[in-house]
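Quick look at run.txt (compact mmCIF, C-alpha atoms):
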```txt
# COMPACT_ATOMS: atom_id res chain seq x y z
CA ILE A 1 0.79 12.89 11.27
CA LEU A 2 4.35 13.20 10.12
CA CYS A 3 7.80 12.13 11.16
CA PRO A 4 9.79 15.39 11.29
CA LEU A 5 13.19 14.11 10.17
CA LEU A 6 15.13 15.41 7.20
CA PRO A 7 16.42 12.89 4.63
CA GLY A 8 20.02 13.32 5.81
CA GLN A 9 18.97 12.56 9.39
CA MET A 10 17.13 9.43 8.30
CA VAL A 11 20.05 8.15 6.25
CA SER A 12 22.64 8.87 8.95
CA ASN A 13 20.82 6.92 11.66
CA GLN A 14 18.31 4.49 10.18
CA ASP A 15 17.58 2.70 13.44
CA GLN A 16 16.56 5.96 15.08
CA ALA A 17 14.53 6.92 12.01
CA VAL A 18 12.64 3.61 12.08
CA SER A 19 11.92 4.19 15.77
CA HIS A 20 10.52 7.67 15.06
CA ILE A 21 8.43 6.34 12.17
CA LEU A 22 7.00 3.58 14.36
CA SER A 23 6.16 6.16 17.06
CA ALA A 24 4.24 8.19 14.47
CA ILE A 25 2.42 5.05 13.35
CA GLU A 26 1.50 4.23 16.96
CA LEU A 27 0.08 7.73 17.37
CA ALA A 28 -1.93 7.25 14.18
CA ARG A 29 -3.24 3.88 15.39
CA ASN A 30 -4.31 5.45 18.70
CA LYS A 31 -6.28 8.04 16.73
CA GLY A 32 -8.15 5.32 14.83
CA VAL A 33 -6.10 5.19 11.65
CA LYS A 34 -6.41 1.82 9.88
CA LEU A 35 -3.74 2.23 7.17
CA VAL A 36 -0.50 4.25 7.01
CA GLY A 37 1.00 5.55 3.79
CA LEU A 38 4.72 6.13 4.06
CA GLY A 39 5.95 9.05 1.99
CA GLY A 40 9.27 10.56 0.99
CA PHE A 41 12.21 9.00 2.74
CA THR A 42 10.07 7.21 5.35
CA SER A 43 9.30 4.58 2.70
CA ILE A 44 12.99 4.05 1.92
CA ILE A 45 14.44 3.73 5.41
CA GLY A 46 14.74 0.30 6.99
CA ASN A 47 15.18 -1.90 3.94
CA ASN A 48 12.70 0.06 1.79
CA GLY A 49 10.11 0.19 4.57
CA LEU A 50 10.22 -3.54 5.29
CA GLN A 51 11.45 -3.07 8.89
CA VAL A 52 8.66 -0.57 9.51
CA SER A 53 6.03 -2.76 7.89
CA GLU A 54 7.07 -5.85 9.85
CA ARG A 55 6.93 -3.98 13.19
CA SER A 56 3.89 -1.80 12.54
CA PRO A 57 0.68 -2.55 14.47
CA ILE A 58 -1.39 -1.55 11.40
CA PRO A 59 -0.95 -2.08 7.62
CA VAL A 60 1.61 0.12 5.86
CA THR A 61 1.92 1.10 2.20
CA SER A 62 4.50 3.24 0.45
CA GLY A 63 2.10 5.02 -1.87
CA ASN A 64 4.40 4.28 -4.82
CA THR A 65 1.56 3.25 -7.13
CA TYR A 66 -0.27 6.51 -6.49
CA THR A 67 2.90 8.49 -7.13
CA ALA A 68 3.51 6.68 -10.42
CA VAL A 69 -0.04 7.37 -11.59
CA VAL A 70 0.25 11.07 -10.70
CA LEU A 71 3.60 11.31 -12.54
CA LEU A 72 2.20 9.69 -15.66
CA LYS A 73 -0.88 11.93 -15.63
CA SER A 74 1.30 15.03 -15.13
CA ILE A 75 3.52 14.05 -18.05
CA SER A 76 0.51 13.47 -20.27
CA LEU A 77 -1.00 16.87 -19.38
CA ALA A 78 2.32 18.71 -19.84
CA ALA A 79 2.91 17.03 -23.20
CA LYS A 80 -0.56 18.07 -24.40
CA ARG A 81 0.00 21.67 -23.27
CA LEU A 82 3.32 21.81 -25.10
CA ASP A 83 1.96 19.96 -28.14
CA LEU A 84 4.58 17.25 -27.64
CA ASP A 85 3.74 13.87 -29.12
CA LEU A 86 4.83 11.11 -26.71
CA ARG A 87 5.18 8.70 -29.65
CA LYS A 88 7.95 10.95 -31.01
CA SER A 89 9.61 11.56 -27.64
CA ASP A 90 12.72 10.15 -26.03
CA ILE A 91 12.06 9.73 -22.31
CA ALA A 92 14.70 9.40 -19.59
CA VAL A 93 13.69 7.67 -16.37
CA ILE A 94 16.30 8.31 -13.70
CA GLY A 95 15.80 5.85 -10.88
CA ALA A 96 14.25 3.42 -13.36
CA THR A 97 14.61 0.23 -11.33
CA GLY A 98 12.75 1.43 -8.25
CA ASP A 99 9.03 0.85 -7.74
CA ILE A 100 7.93 4.21 -9.15
CA GLY A 101 10.54 4.42 -11.92
CA SER A 102 9.89 0.90 -13.21
CA ALA A 103 6.10 1.43 -13.17
CA CYS A 104 6.53 4.64 -15.19
CA ALA A 105 8.99 3.01 -17.60
CA ARG A 106 6.67 0.04 -18.20
CA LYS A 107 3.70 2.29 -18.96
CA LEU A 108 5.66 4.80 -21.07
CA ALA A 109 7.31 2.05 -23.13
CA LEU A 110 3.92 1.49 -24.74
CA SER A 111 3.66 5.05 -26.04
CA CYS A 112 7.09 6.65 -26.56
CA LYS A 113 9.77 6.75 -29.25
CA SER A 114 12.48 5.43 -26.91
CA LEU A 115 13.44 5.10 -23.26
CA ILE A 116 16.72 5.94 -21.57
CA LEU A 117 16.85 4.05 -18.28
CA VAL A 118 19.20 5.19 -15.53
CA ALA A 119 19.86 3.36 -12.26
CA ARG A 120 22.71 2.30 -10.00
CA ASN A 121 21.93 -1.42 -9.87
CA GLU A 122 23.23 -2.84 -13.17
CA ASP A 123 21.55 -6.24 -12.82
CA LYS A 124 18.12 -4.69 -12.33
CA LEU A 125 18.82 -2.13 -15.07
CA PHE A 126 19.73 -4.81 -17.64
CA SER A 127 16.72 -6.92 -16.62
CA LEU A 128 14.27 -4.02 -17.01
CA ALA A 129 15.82 -3.02 -20.35
CA ARG A 130 15.45 -6.60 -21.67
CA GLU A 131 11.82 -6.65 -20.59
CA LEU A 132 10.95 -3.35 -22.30
CA ARG A 133 12.92 -3.73 -25.55
CA SER A 134 10.03 -5.63 -27.15
CA GLN A 135 7.90 -2.47 -26.78
CA CYS A 136 10.34 0.32 -27.73
CA PRO A 137 14.05 1.00 -28.18
CA VAL A 138 15.78 1.15 -24.78
CA GLU A 139 19.15 2.63 -23.88
CA ILE A 140 20.69 2.17 -20.45
CA SER A 141 22.99 4.52 -18.61
CA LYS A 142 24.55 5.08 -15.23
CA LYS A 143 24.98 8.83 -15.88
CA PRO A 144 21.84 10.89 -15.16
CA ALA A 145 23.09 14.14 -16.72
CA GLN A 146 23.99 12.47 -20.02
CA ALA A 147 20.61 10.76 -20.19
CA ALA A 148 18.76 13.98 -19.40
CA CYS A 149 20.44 15.93 -22.20
CA LYS A 150 19.14 13.41 -24.78
CA ALA A 151 15.53 13.35 -23.59
CA HIS A 152 12.41 15.30 -24.47
CA ILE A 153 10.96 14.21 -21.12
CA VAL A 154 12.97 13.62 -17.94
CA ILE A 155 11.56 11.82 -14.90
CA THR A 156 13.60 11.61 -11.70
CA VAL A 157 12.51 9.22 -8.97
CA THR A 158 15.68 8.47 -7.04
CA SER A 159 16.60 8.31 -3.39
CA ALA A 160 19.69 10.47 -3.98
CA ILE A 161 20.06 13.13 -1.32
CA THR A 162 21.74 15.60 -3.67
CA THR A 163 21.04 17.39 -6.93
CA ILE A 164 21.97 15.21 -9.92
CA ILE A 165 20.62 17.30 -12.83
CA ASP A 166 21.48 20.94 -13.54
CA ALA A 167 20.24 23.35 -16.22
CA GLN A 168 23.04 22.46 -18.65
CA SER A 169 21.94 18.82 -18.54
CA LEU A 170 18.52 19.48 -20.07
CA LYS A 171 17.45 19.65 -23.69
CA ALA A 172 15.77 22.97 -24.54
CA GLY A 173 12.00 22.71 -24.14
CA SER A 174 12.10 19.37 -22.36
CA ILE A 175 9.50 18.39 -19.79
CA VAL A 176 11.01 17.72 -16.39
CA CYS A 177 9.13 15.80 -13.72
CA ASP A 178 11.09 15.53 -10.48
CA ALA A 179 9.32 13.28 -7.98
CA SER A 180 12.40 12.77 -5.81
CA TYR A 181 12.70 14.05 -2.28
CA PRO A 182 14.90 15.88 -1.81
CA ALA A 183 14.74 17.23 -5.36
CA ASN A 184 17.17 15.83 -7.93
CA ILE A 185 16.79 18.81 -10.25
CA ALA A 186 18.78 21.92 -9.37
CA TYR A 187 16.58 24.63 -7.87
CA GLU A 188 17.90 27.36 -10.19
CA ILE A 189 16.23 25.57 -13.11
CA HIS A 190 12.85 26.81 -11.89
CA GLY A 191 13.94 30.40 -12.40
CA LYS A 192 15.65 29.78 -15.71
CA ARG A 193 12.75 27.87 -17.24
```
This entry written out as structure tokens:
Amino acid sequence: ILCPLLPGQMVSNQDQAVSHILSAIELARNKGVKLVGLGGFTSIIGNNGLQVSERSPIPVTSGNTYTAVVLLKSISLAAKRLDLDLRKSDIAVIGATGDIGSACARKLALSCKSLILVARNEDKLFSLARELRSQCPVEISKKPAQAACKAHIVITVTSAITTIIDAQSLKAGSIVCDASYPANIAYEIHGKR
């Protein structure tokens, strides 16, 4: 069961989006569903899903933990295929202070050369950087493209509704893992790489 709204539609009228999401949840409940996993922008709308969760007749989860685990596994597999040692890699996490980004940053801090954390919220960014500096060197930035060009591995997990990384922003041979919806990495990169 899905809520057929595009990200721009959800952002432009959040009250209507929450209503549509709740209608989809009600349909799921009527079909015997016991738990709903919000995905994509449905987990962001309404105060990061809180409005939906509070009004839902059944439990709701965002699935962020699952997404973080899949990202980390994908990075590990890609690094092995490219013979890239994570312990010698600089890793940029763009959207680092969100649920998925912070989970990835915390796990990767244990096994990388350094982290470059990028986020809009400076307070959360400084707090996360302080927490992780005991495990690896951490740089903070508010400029995704500059962070990406320094990194061997780039993870994007933002709620931005536009492209924020283009081909010129990437280090040659870097691993790019874009878990944002809509994509944060320019589409032409797929053809060029």
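The residue that comes closest to Ser76 in chain A, out of A:Ser111, A:Thr97, A:Asn47, A:Asn64 and on the basis of only C-alpha atoms, is A:Ser111.
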> Pick from A:Gly46, A:Asp123, A:Ile175, A:Lys34: nearest to Lys80 in chain A, with all atoms listed in the file counted?
Replying inline: A:Ile175
> Which of these residues is nearest to Asn184 in chain A, using all atoms listed in the file: A:Ala148, A:Ala172, A:Leu22, A:Met10?
Replying inline: A:Ala148
> Quick one: of A:Ser56, A:Val69, A:Leu84, A:Ser23, who's nearest to Leu35 in chain A, counting only C-alpha atoms?
Replying inline: A:Ser56
> Which residue out of A:Val154, A:Leu38, A:Leu86, A:Leu77 has the minimum interatomic distance to Val52 in chain A when only C-alpha atoms are used?
Replying inline: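 Nearest to Val52 in chain A: A:Leu38.
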> Between CA of Ile45 in chain A and CA of Gln14 in chain A, what is the spacing in Å?
Replying inline: 6.2 Å
> What is the CA of Cys3 in chain A to CA of Ile189 in chain A distance in Å?
Replying inline: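 Distance between the two atoms: 29.0 Å.
Take the candidates A:Ile91, A:Ala96, A:Cys112, A:Ala179 and check each one against Ala151 in chain A using all atoms listed in the file; the shortest distance goes to A:Ile91.
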> Do you have the CA of Ile44 in chain A-CA of Ser159 in chain A distance handy?
Replying inline: 7.7 Å
